[in-house]
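Have a look at the structure below before the remarks.
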Amino acid sequence: MTMKCLKAAVGIAGVVALSACSTSPGEKASTGSVAGTGSASGEASGVSTSNSGTAGGTGSGVATGNTTGATTGTATTGMATTGTGTTGTGTGTASGSGSASGTSSGASGTSTGPSVLERGVRPSRDGNYTQPTLTTAAAATVMPDAAFNTNAAYTGGMYASPLYLANGPAGKGIYIAATTNNDVNAFDDTGTLVWKRSLGLPGGGATFAPKGIMSTPVIDPTAGPDGFATIYACAPAAAAAGGNFSLYELHAMSAKDGSERTGWPAKLDGTIMAKNDGLNRAFTPATEGQRPALSLVNGVVYIGFGGPLGDYSMYYGWVIAVDTTNPATIGAWSTREQGEALWASGGFSSDGNGILLTTGNYFAGSYEAPATYGDSEAVVRLTGTPTALVRSDEYYPARWKMMDSTDQDMASSSVLLLNVPGATPANYAVTVSKDAHLYFLNSAMLGMAGGGGELVDLTLSITNHSARISPVSYTTAGGINIAITIDRGVMGCPAGGGDGGTAGSVAMATLMGLKVAAGSPATVTPSWCATVGGPTGADAGTIRNRSASPLVTTTDGMSQPIVWVAGSTSQTAANTTASLMYAVDGETGKIIYSGGNCSGIRQWTTPIAVNGHIIAGGDGHLCSWSPGGQ
């Protein structure tokens, strides 16, 4: 294990003023912003973002809900906020029943009550859910929900993660499942199909495998013209005459019945141009794959692209931005050099100031490094209007050339935004490269002109190609924690930690918990490990089960943390998909539960937690687990 702490980026203030997203009564945030210190009061619906302490803690946050003028940290929909500062106005009303706790950083108001509107719950991508009934004792009794699992069937595979809208048709909740058959399905709480929207036979030809929707949609809970929320999903359109694929479409569907909103879908074709950094490059759908989860920030949907499955053909990393108020307003940003795909399934994170994304390796027909740096192996902040996206900040490791030449993508993981009260700096962008280097970056100042500048660089595996995940975070009475999965070759596990493993290298796929402590900068220490399937101990050189990304639940925002992740038993066949659900004690790493038989849970997806249930997407069906089963 190695740790590197460079001081160049230390000292930036941890308080950032954040602008809010679009407004919906009772669900969304204000049009102003607040930063400072103060006391949170009231209750927040949903779960607090990366946080610490209890309600009434101090820190940075965003004023949301029904605020006018200076605020004192009113609790808001979906997260706790604190602070006094500049004037803001709002149209939403704080609501819900989950207790707010601690301090938070990130864009506000995108998770309402039990709804799961985007991958990772909220724009910080923390994957943190409050589920009062999922106690540690209850988790030990979890069983598959047989009726739901039989009912919630569809055609095609599912590389996306499921979503949930609490207020769907007839006032009932609906689960959203987008599939590689190019269908978007809505199921009720019993697993019964409510509606299905086919987006046409997916195009793409032989270079696309699999075809159809690969990314997680995003939901805007704001009532549309018919009084229902809008679901945004990106899909390849049918091939044109002659079988040539030349078009992606961003669809805007009513949650009522899946029907298309007027003026949609937005056409993502070769007329879209990237003008950033002196480029004049046309988008080429035929050589681009759309894998990252969609983001909705301040009324703009951000869509990420990289190469088709595998490194081949002429492709670039792309972000296409669509204004939801006018789908004809479309802009784009592209990486400067070839390759450099945006493919992290977890998508982009946001603190309200644009988006943060990760890029992959330079690729021009072979694994090599370009003569000069051009956006490979990076964490990039994009800001600006859809038609004027700019790279306003960027980080890349000093070892980027080695990463390019050995295919150790930074884009294997999405960015987690984490607030560490008392640390300098207090706000971090956290991500993991494919060779399992865990990075903590100053989210307010990513860039170092010569490469490097990470505040923490912690190596967690002895093996390349070992991490392709989305980190999650949670706070307990014992402090701030993160959890990640590593495919193989894990190092740094405490002796006897978690499932009784020994210290040092672990061959099988591993869920790892790490403790984050305040400092200058924050410090990160592995605290437990739990084996969640994969190759046998003697087969560390082969990837069997590429573990899905975790989520975490607590009963009240801090208590009884449980980390949930899809996994498997030991595998003998290469690239076997996960089929089991693991529940792991977030304090000790003890495996509380492992079981079920949900076939075909694809790599790097993540389950969601809704109303005491854990829901995962598999090929052909959704799967649910709950205490005692259904």
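Chain identifiers are assigned as A, B, and so on, following the order in which chains appear in the structure tokens; residues are numbered from 1 within each chain, and ligands are numbered from 1 in order of appearance.
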
Name the residues in contact with stretch 433-448 of chain A at a cut-off of 6 Å, using only C-alpha atoms, excluding same-chain residues fewer than 2 positions from it; report them as a PDB file with N, CA and C atoms, in the first residue's frame.
```
ATOM      1  N   ASP A 393     -11.578  23.077 -15.308  1.00  0.00           N
ATOM      2  CA  ASP A 393     -10.613  22.539 -14.354  1.00  0.00           C
ATOM      3  C   ASP A 393     -10.328  21.098 -14.755  1.00  0.00           C
ATOM      4  N   GLU A 394      -9.120  20.615 -14.431  1.00  0.00           N
ATOM      5  CA  GLU A 394      -8.746  19.262 -14.840  1.00  0.00           C
ATOM      6  C   GLU A 394      -7.619  18.736 -13.970  1.00  0.00           C
ATOM      7  N   TYR A 395      -7.712  17.435 -13.640  1.00  0.00           N
ATOM      8  CA  TYR A 395      -6.642  16.736 -12.935  1.00  0.00           C
ATOM      9  C   TYR A 395      -6.221  15.519 -13.752  1.00  0.00           C
ATOM     10  N   GLN A 408      -4.918   1.500 -18.162  1.00  0.00           N
ATOM     11  CA  GLN A 408      -5.373   1.610 -16.765  1.00  0.00           C
ATOM     12  C   GLN A 408      -6.264   2.842 -16.596  1.00  0.00           C
ATOM     13  N   ASP A 409      -7.426   2.798 -17.206  1.00  0.00           N
ATOM     14  CA  ASP A 409      -8.303   3.956 -17.329  1.00  0.00           C
ATOM     15  C   ASP A 409      -8.641   4.632 -16.005  1.00  0.00           C
ATOM     16  N   MET A 410      -8.576   5.948 -15.999  1.00  0.00           N
ATOM     17  CA  MET A 410      -9.210   6.696 -14.919  1.00  0.00           C
ATOM     18  C   MET A 410     -10.728   6.624 -15.081  1.00  0.00           C
ATOM     19  N   SER A 412     -12.572   4.209 -15.473  1.00  0.00           N
ATOM     20  CA  SER A 412     -13.228   3.001 -14.963  1.00  0.00           C
ATOM     21  C   SER A 412     -14.163   3.312 -13.804  1.00  0.00           C
ATOM     22  N   ASN A 427     -13.739  19.679   0.920  1.00  0.00           N
ATOM     23  CA  ASN A 427     -14.521  19.055  -0.137  1.00  0.00           C
ATOM     24  C   ASN A 427     -13.618  18.320  -1.119  1.00  0.00           C
ATOM     25  N   TYR A 428     -13.947  17.049  -1.395  1.00  0.00           N
ATOM     26  CA  TYR A 428     -13.082  16.188  -2.206  1.00  0.00           C
ATOM     27  C   TYR A 428     -13.842  15.568  -3.375  1.00  0.00           C
ATOM     28  N   ALA A 429     -13.114  15.386  -4.462  1.00  0.00           N
ATOM     29  CA  ALA A 429     -13.552  14.544  -5.574  1.00  0.00           C
ATOM     30  C   ALA A 429     -12.799  13.226  -5.430  1.00  0.00           C
ATOM     31  N   VAL A 430     -13.540  12.143  -5.262  1.00  0.00           N
ATOM     32  CA  VAL A 430     -12.951  10.832  -4.985  1.00  0.00           C
ATOM     33  C   VAL A 430     -13.206   9.912  -6.183  1.00  0.00           C
ATOM     34  N   THR A 431     -12.160   9.254  -6.668  1.00  0.00           N
ATOM     35  CA  THR A 431     -12.333   8.310  -7.770  1.00  0.00           C
ATOM     36  C   THR A 431     -11.263   7.240  -7.698  1.00  0.00           C
ATOM     37  N   GLY A 450       1.482  20.259 -14.561  1.00  0.00           N
ATOM     38  CA  GLY A 450       2.426  19.223 -14.957  1.00  0.00           C
ATOM     39  C   GLY A 450       1.965  17.824 -14.646  1.00  0.00           C
ATOM     40  N   GLY A 451       0.722  17.640 -14.253  1.00  0.00           N
ATOM     41  CA  GLY A 451       0.231  16.331 -13.834  1.00  0.00           C
ATOM     42  C   GLY A 451       0.489  16.119 -12.360  1.00  0.00           C
ATOM     43  N   GLY A 453      -0.831  16.201  -8.257  1.00  0.00           N
ATOM     44  CA  GLY A 453      -1.574  17.145  -7.450  1.00  0.00           C
ATOM     45  C   GLY A 453      -2.626  16.486  -6.591  1.00  0.00           C
ATOM     46  N   GLU A 454      -2.702  15.165  -6.638  1.00  0.00           N
ATOM     47  CA  GLU A 454      -3.644  14.464  -5.778  1.00  0.00           C
ATOM     48  C   GLU A 454      -3.250  14.659  -4.319  1.00  0.00           C
ATOM     49  N   LEU A 455      -4.232  14.754  -3.469  1.00  0.00           N
ATOM     50  CA  LEU A 455      -3.982  14.884  -2.046  1.00  0.00           C
ATOM     51  C   LEU A 455      -3.807  13.523  -1.389  1.00  0.00           C
ATOM     52  N   VAL A 456      -4.475  12.515  -1.934  1.00  0.00           N
ATOM     53  CA  VAL A 456      -4.304  11.137  -1.484  1.00  0.00           C
ATOM     54  C   VAL A 456      -4.217  10.241  -2.712  1.00  0.00           C
ATOM     55  N   ASP A 457      -3.246   9.352  -2.735  1.00  0.00           N
ATOM     56  CA  ASP A 457      -3.115   8.316  -3.765  1.00  0.00           C
ATOM     57  C   ASP A 457      -2.826   7.018  -3.027  1.00  0.00           C
ATOM     58  N   LEU A 458      -3.874   6.193  -2.864  1.00  0.00           N
ATOM     59  CA  LEU A 458      -3.775   4.980  -2.064  1.00  0.00           C
ATOM     60  C   LEU A 458      -3.934   3.771  -2.977  1.00  0.00           C
ATOM     61  N   THR A 459      -2.914   2.930  -3.096  1.00  0.00           N
ATOM     62  CA  THR A 459      -2.968   1.759  -3.962  1.00  0.00           C
ATOM     63  C   THR A 459      -3.599   0.591  -3.214  1.00  0.00           C
ATOM     64  N   LEU A 460      -4.645  -0.006  -3.810  1.00  0.00           N
ATOM     65  CA  LEU A 460      -5.440  -1.006  -3.108  1.00  0.00           C
ATOM     66  C   LEU A 460      -5.386  -2.385  -3.747  1.00  0.00           C
ATOM     67  N   SER A 461      -4.598  -2.575  -4.808  1.00  0.00           N
ATOM     68  CA  SER A 461      -4.497  -3.879  -5.445  1.00  0.00           C
ATOM     69  C   SER A 461      -3.100  -4.079  -6.004  1.00  0.00           C
ATOM     70  N   ASN A 464      -3.179  -5.065 -12.092  1.00  0.00           N
ATOM     71  CA  ASN A 464      -3.818  -4.141 -13.019  1.00  0.00           C
ATOM     72  C   ASN A 464      -5.221  -4.631 -13.377  1.00  0.00           C
ATOM     73  N   HIS A 465      -6.007  -3.737 -13.946  1.00  0.00           N
ATOM     74  CA  HIS A 465      -7.362  -4.076 -14.377  1.00  0.00           C
ATOM     75  C   HIS A 465      -8.173  -4.677 -13.228  1.00  0.00           C
ATOM     76  N   SER A 466      -8.159  -4.036 -12.099  1.00  0.00           N
ATOM     77  CA  SER A 466      -8.790  -4.614 -10.912  1.00  0.00           C
ATOM     78  C   SER A 466      -9.912  -3.778 -10.315  1.00  0.00           C
ATOM     79  N   ALA A 467     -10.200  -2.606 -10.865  1.00  0.00           N
ATOM     80  CA  ALA A 467     -11.243  -1.758 -10.268  1.00  0.00           C
ATOM     81  C   ALA A 467     -12.021  -1.038 -11.366  1.00  0.00           C
ATOM     82  N   ARG A 468     -13.315  -1.204 -11.332  1.00  0.00           N
ATOM     83  CA  ARG A 468     -14.205  -0.537 -12.288  1.00  0.00           C
ATOM     84  C   ARG A 468     -15.504  -0.244 -11.544  1.00  0.00           C
TER      85      ARG A 468
END
```

Neighbour list for A:Gly224 as a ChimeraX atom specification, cut-off 10 Å, only C-alpha atoms, skip fewer than 6 positions in-chain
/A:230,253-255,261

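Of the residues listed (A:Ala530, A:Ala578, A:Leu389, A:Ile592), A:Ala578 shows the shortest atom-to-atom separation from A:Ala616; distances use only C-alpha atoms.
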
Tell me, which residues of stretch 102-290 of chain A carry DSSP alpha helix (DSSP H), written as an mmCIF file with N, CA and C atoms, in the first residue's frame?
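The resulting file, out30.cif, is reproduced below:
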```
data_model
loop_
_atom_site.group_PDB
_atom_site.id
_atom_site.type_symbol
_atom_site.label_atom_id
_atom_site.label_comp_id
_atom_site.auth_asym_id
_atom_site.auth_seq_id
_atom_site.Cartn_x
_atom_site.Cartn_y
_atom_site.Cartn_z
ATOM 1 N N THR A 136 -29.763 -4.008 11.031
ATOM 2 C CA THR A 136 -28.815 -5.106 10.900
ATOM 3 C C THR A 136 -29.507 -6.442 11.139
ATOM 4 N N ALA A 137 -30.379 -6.488 12.135
ATOM 5 C CA ALA A 137 -31.102 -7.727 12.422
ATOM 6 C C ALA A 137 -32.023 -8.102 11.272
ATOM 7 N N ALA A 138 -32.708 -7.111 10.704
ATOM 8 C CA ALA A 138 -33.623 -7.388 9.599
ATOM 9 C C ALA A 138 -32.868 -7.866 8.366
ATOM 10 N N ALA A 139 -31.678 -7.299 8.128
ATOM 11 C CA ALA A 139 -30.892 -7.684 6.949
ATOM 12 C C ALA A 139 -30.519 -9.161 6.984
ATOM 13 N N ALA A 146 -40.404 -13.322 -4.091
ATOM 14 C CA ALA A 146 -40.702 -14.256 -5.174
ATOM 15 C C ALA A 146 -41.724 -13.706 -6.170
ATOM 16 N N ALA A 147 -42.812 -13.117 -5.675
ATOM 17 C CA ALA A 147 -43.859 -12.637 -6.583
ATOM 18 C C ALA A 147 -43.351 -11.499 -7.452
ATOM 19 N N PHE A 148 -42.690 -10.545 -6.831
ATOM 20 C CA PHE A 148 -42.135 -9.417 -7.588
ATOM 21 C C PHE A 148 -41.152 -9.918 -8.642
ATOM 22 N N ASN A 149 -40.273 -10.823 -8.249
ATOM 23 C CA ASN A 149 -39.230 -11.289 -9.155
ATOM 24 C C ASN A 149 -39.799 -12.054 -10.346
ATOM 25 N N THR A 150 -40.944 -12.685 -10.165
ATOM 26 C CA THR A 150 -41.615 -13.359 -11.275
ATOM 27 C C THR A 150 -42.312 -12.364 -12.183
ATOM 28 N N ASN A 151 -42.948 -11.373 -11.570
ATOM 29 C CA ASN A 151 -43.742 -10.415 -12.351
ATOM 30 C C ASN A 151 -42.900 -9.436 -13.163
#
```

What's the 8 Å shell around stretch 182-195 of chain A, counting only C-alpha atoms, without same-chain residues fewer than 5 positions away, as a VMD selection string?
chain A and resid 147 to 152 154 172 to 177 200 to 202 211 to 213 235 to 236 257 to 258

Dump as a tab-separated table (two decimals), in the first residue's frame, selection limited to N, CA, C and O atoms:
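Resulting contents of again.tsv:
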```tsv
chain	number	residue	atom	x	y	z
A	147	ALA	N	-42.81	-13.12	-5.67
A	147	ALA	CA	-43.86	-12.64	-6.58
A	147	ALA	C	-43.35	-11.50	-7.45
A	147	ALA	O	-43.56	-11.48	-8.67
A	148	PHE	N	-42.69	-10.54	-6.83
A	148	PHE	CA	-42.13	-9.42	-7.59
A	148	PHE	C	-41.15	-9.92	-8.64
A	148	PHE	O	-41.19	-9.49	-9.80
A	149	ASN	N	-40.27	-10.82	-8.25
A	149	ASN	CA	-39.23	-11.29	-9.15
A	149	ASN	C	-39.80	-12.05	-10.35
A	149	ASN	O	-39.21	-12.07	-11.42
A	150	THR	N	-40.94	-12.68	-10.16
A	150	THR	CA	-41.62	-13.36	-11.28
A	150	THR	C	-42.31	-12.36	-12.18
A	150	THR	O	-42.28	-12.48	-13.41
A	151	ASN	N	-42.95	-11.37	-11.57
A	151	ASN	CA	-43.74	-10.42	-12.35
A	151	ASN	C	-42.90	-9.44	-13.16
A	151	ASN	O	-43.25	-9.11	-14.30
A	152	ALA	N	-41.80	-8.95	-12.57
A	152	ALA	CA	-41.05	-7.83	-13.16
A	152	ALA	C	-40.11	-8.32	-14.26
A	152	ALA	O	-38.89	-8.21	-14.15
A	154	TYR	N	-38.91	-8.60	-18.45
A	154	TYR	CA	-38.83	-7.81	-19.68
A	154	TYR	C	-37.95	-8.54	-20.67
A	154	TYR	O	-37.34	-9.57	-20.35
A	172	LYS	N	-49.24	5.82	-7.46
A	172	LYS	CA	-48.41	4.70	-7.01
A	172	LYS	C	-46.99	4.84	-7.52
A	172	LYS	O	-46.73	5.52	-8.51
A	173	GLY	N	-46.05	4.17	-6.84
A	173	GLY	CA	-44.68	4.21	-7.27
A	173	GLY	C	-44.43	3.32	-8.47
A	173	GLY	O	-45.13	2.33	-8.68
A	174	ILE	N	-43.43	3.68	-9.27
A	174	ILE	CA	-43.04	2.85	-10.41
A	174	ILE	C	-41.52	2.70	-10.44
A	174	ILE	O	-40.77	3.64	-10.19
A	175	TYR	N	-41.07	1.48	-10.75
A	175	TYR	CA	-39.67	1.21	-11.02
A	175	TYR	C	-39.43	1.36	-12.52
A	175	TYR	O	-40.25	0.90	-13.33
A	176	ILE	N	-38.31	1.96	-12.89
A	176	ILE	CA	-37.96	2.17	-14.29
A	176	ILE	C	-36.79	1.26	-14.64
A	176	ILE	O	-35.74	1.29	-13.97
A	177	ALA	N	-36.97	0.45	-15.68
A	177	ALA	CA	-35.93	-0.46	-16.15
A	177	ALA	C	-35.71	-0.23	-17.64
A	177	ALA	O	-36.62	-0.47	-18.45
A	200	GLY	N	-37.76	1.50	-30.54
A	200	GLY	CA	-37.42	1.03	-31.87
A	200	GLY	C	-36.29	0.02	-31.86
A	200	GLY	O	-35.51	-0.06	-30.92
A	201	LEU	N	-36.21	-0.76	-32.93
A	201	LEU	CA	-35.15	-1.74	-33.06
A	201	LEU	C	-33.81	-1.03	-33.00
A	201	LEU	O	-33.53	-0.17	-33.83
A	202	PRO	N	-32.95	-1.34	-32.03
A	202	PRO	CA	-31.70	-0.59	-31.91
A	202	PRO	C	-30.76	-0.85	-33.07
A	202	PRO	O	-30.61	-1.98	-33.53
A	211	LYS	N	-26.49	-4.17	-28.14
A	211	LYS	CA	-27.20	-3.03	-28.70
A	211	LYS	C	-28.17	-2.47	-27.67
A	211	LYS	O	-28.38	-3.04	-26.61
A	212	GLY	N	-28.80	-1.37	-28.03
A	212	GLY	CA	-29.84	-0.82	-27.17
A	212	GLY	C	-29.31	0.07	-26.06
A	212	GLY	O	-28.16	0.50	-26.07
A	213	ILE	N	-30.17	0.38	-25.09
A	213	ILE	CA	-29.84	1.32	-24.03
A	213	ILE	C	-28.81	0.70	-23.09
A	213	ILE	O	-29.02	-0.39	-22.56
A	235	ALA	N	-30.96	6.50	-26.35
A	235	ALA	CA	-31.01	5.23	-27.05
A	235	ALA	C	-30.49	5.38	-28.47
A	235	ALA	O	-30.68	6.42	-29.11
A	236	PRO	N	-29.84	4.33	-29.00
A	236	PRO	CA	-29.49	4.34	-30.41
A	236	PRO	C	-30.75	4.19	-31.25
A	236	PRO	O	-31.62	3.38	-30.94
A	257	ASP	N	-47.32	7.33	-18.89
A	257	ASP	CA	-47.53	6.21	-19.81
A	257	ASP	C	-46.37	5.98	-20.77
A	257	ASP	O	-46.48	5.14	-21.67
A	258	GLY	N	-45.26	6.71	-20.61
A	258	GLY	CA	-44.11	6.55	-21.47
A	258	GLY	C	-44.18	7.33	-22.77
A	258	GLY	O	-43.26	7.23	-23.60
```

How would you write, as a short mmCIF file (atom, residue, chain, number, x, y, z; two decimals) with N, CA, C and O atoms, in the first residue's frame, the set of residues in stretch 217-283 of chain A that DSSP gives as strand (DSSP E or B)?
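Result file selection.cif:
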```
data_model
loop_
_atom_site.label_atom_id
_atom_site.label_comp_id
_atom_site.auth_asym_id
_atom_site.auth_seq_id
_atom_site.Cartn_x
_atom_site.Cartn_y
_atom_site.Cartn_z
N VAL A 218 -32.38 9.35 -16.30
CA VAL A 218 -32.51 10.30 -15.20
C VAL A 218 -33.94 10.82 -15.23
O VAL A 218 -34.55 10.95 -16.30
N ILE A 219 -34.50 11.10 -14.04
CA ILE A 219 -35.89 11.53 -13.93
C ILE A 219 -35.95 12.96 -13.39
O ILE A 219 -35.31 13.28 -12.38
N ASP A 220 -36.71 13.80 -14.05
CA ASP A 220 -37.03 15.13 -13.53
C ASP A 220 -38.41 15.05 -12.90
O ASP A 220 -39.41 14.83 -13.60
N THR A 230 -40.91 13.63 -15.83
CA THR A 230 -40.34 13.32 -17.14
C THR A 230 -39.13 12.41 -16.97
O THR A 230 -38.26 12.69 -16.14
N ILE A 231 -39.07 11.36 -17.76
CA ILE A 231 -37.97 10.40 -17.75
C ILE A 231 -37.13 10.62 -19.00
O ILE A 231 -37.65 10.56 -20.12
N TYR A 232 -35.83 10.88 -18.81
CA TYR A 232 -34.93 11.07 -19.94
C TYR A 232 -34.09 9.81 -20.13
O TYR A 232 -33.48 9.30 -19.18
N ALA A 233 -34.06 9.29 -21.36
CA ALA A 233 -33.27 8.10 -21.67
C ALA A 233 -32.62 8.29 -23.04
O ALA A 233 -33.24 8.83 -23.96
N CYS A 234 -31.37 7.84 -23.16
CA CYS A 234 -30.64 7.95 -24.43
C CYS A 234 -30.57 6.58 -25.08
O CYS A 234 -30.15 5.60 -24.45
N ALA A 235 -30.96 6.50 -26.35
CA ALA A 235 -31.01 5.23 -27.05
C ALA A 235 -30.49 5.38 -28.47
O ALA A 235 -30.68 6.42 -29.11
N PRO A 236 -29.84 4.33 -29.00
CA PRO A 236 -29.49 4.34 -30.41
C PRO A 236 -30.75 4.19 -31.25
O PRO A 236 -31.62 3.38 -30.94
N TYR A 248 -28.09 8.79 -32.34
CA TYR A 248 -28.65 8.54 -31.02
C TYR A 248 -29.79 9.54 -30.81
O TYR A 248 -29.83 10.61 -31.42
N GLU A 249 -30.70 9.17 -29.92
CA GLU A 249 -31.79 10.06 -29.57
C GLU A 249 -31.91 10.16 -28.05
O GLU A 249 -31.82 9.15 -27.35
N LEU A 250 -32.12 11.39 -27.57
CA LEU A 250 -32.45 11.60 -26.16
C LEU A 250 -33.96 11.76 -26.07
O LEU A 250 -34.53 12.73 -26.60
N HIS A 251 -34.60 10.79 -25.43
CA HIS A 251 -36.06 10.79 -25.32
C HIS A 251 -36.49 11.43 -24.00
O HIS A 251 -35.83 11.29 -22.97
N ALA A 252 -37.62 12.12 -24.05
CA ALA A 252 -38.24 12.70 -22.86
C ALA A 252 -39.63 12.09 -22.76
O ALA A 252 -40.52 12.40 -23.56
N MET A 253 -39.83 11.20 -21.79
CA MET A 253 -41.06 10.42 -21.69
C MET A 253 -41.85 10.78 -20.45
O MET A 253 -41.28 10.98 -19.38
N SER A 254 -43.14 10.82 -20.59
CA SER A 254 -44.01 11.05 -19.45
C SER A 254 -44.03 9.81 -18.56
O SER A 254 -44.14 8.68 -19.03
N GLU A 260 -43.98 10.30 -25.53
CA GLU A 260 -42.94 11.29 -25.78
C GLU A 260 -43.47 12.69 -25.54
O GLU A 260 -44.61 13.03 -25.92
N ALA A 266 -34.59 14.58 -28.83
CA ALA A 266 -33.49 15.38 -29.36
C ALA A 266 -32.60 14.47 -30.21
O ALA A 266 -32.29 13.35 -29.82
N LYS A 267 -32.19 14.96 -31.38
CA LYS A 267 -31.39 14.18 -32.32
C LYS A 267 -29.90 14.43 -32.06
O LYS A 267 -29.44 15.58 -32.10
N LEU A 268 -29.18 13.35 -31.79
CA LEU A 268 -27.74 13.43 -31.52
C LEU A 268 -27.02 12.80 -32.70
O LEU A 268 -26.78 11.58 -32.73
N MET A 273 -21.37 19.63 -33.26
CA MET A 273 -19.96 19.95 -33.38
C MET A 273 -19.36 20.29 -32.02
O MET A 273 -20.00 20.98 -31.20
N ALA A 274 -18.14 19.84 -31.77
CA ALA A 274 -17.38 20.25 -30.58
C ALA A 274 -16.44 21.38 -30.99
O ALA A 274 -15.63 21.22 -31.91
N ARG A 281 -14.87 19.58 -34.51
CA ARG A 281 -15.03 18.15 -34.70
C ARG A 281 -16.51 17.77 -34.70
O ARG A 281 -17.27 18.18 -33.83
N ALA A 282 -16.91 16.97 -35.68
CA ALA A 282 -18.28 16.50 -35.76
C ALA A 282 -18.44 15.22 -34.96
O ALA A 282 -17.56 14.36 -34.94
#
```

Closest to A:Ser599 among A:Gln338, A:Ser392, A:Ser414, A:Thr577, using only C-alpha atoms?
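Using only C-alpha atoms, the shortest distance to A:Ser599 belongs to A:Thr577.
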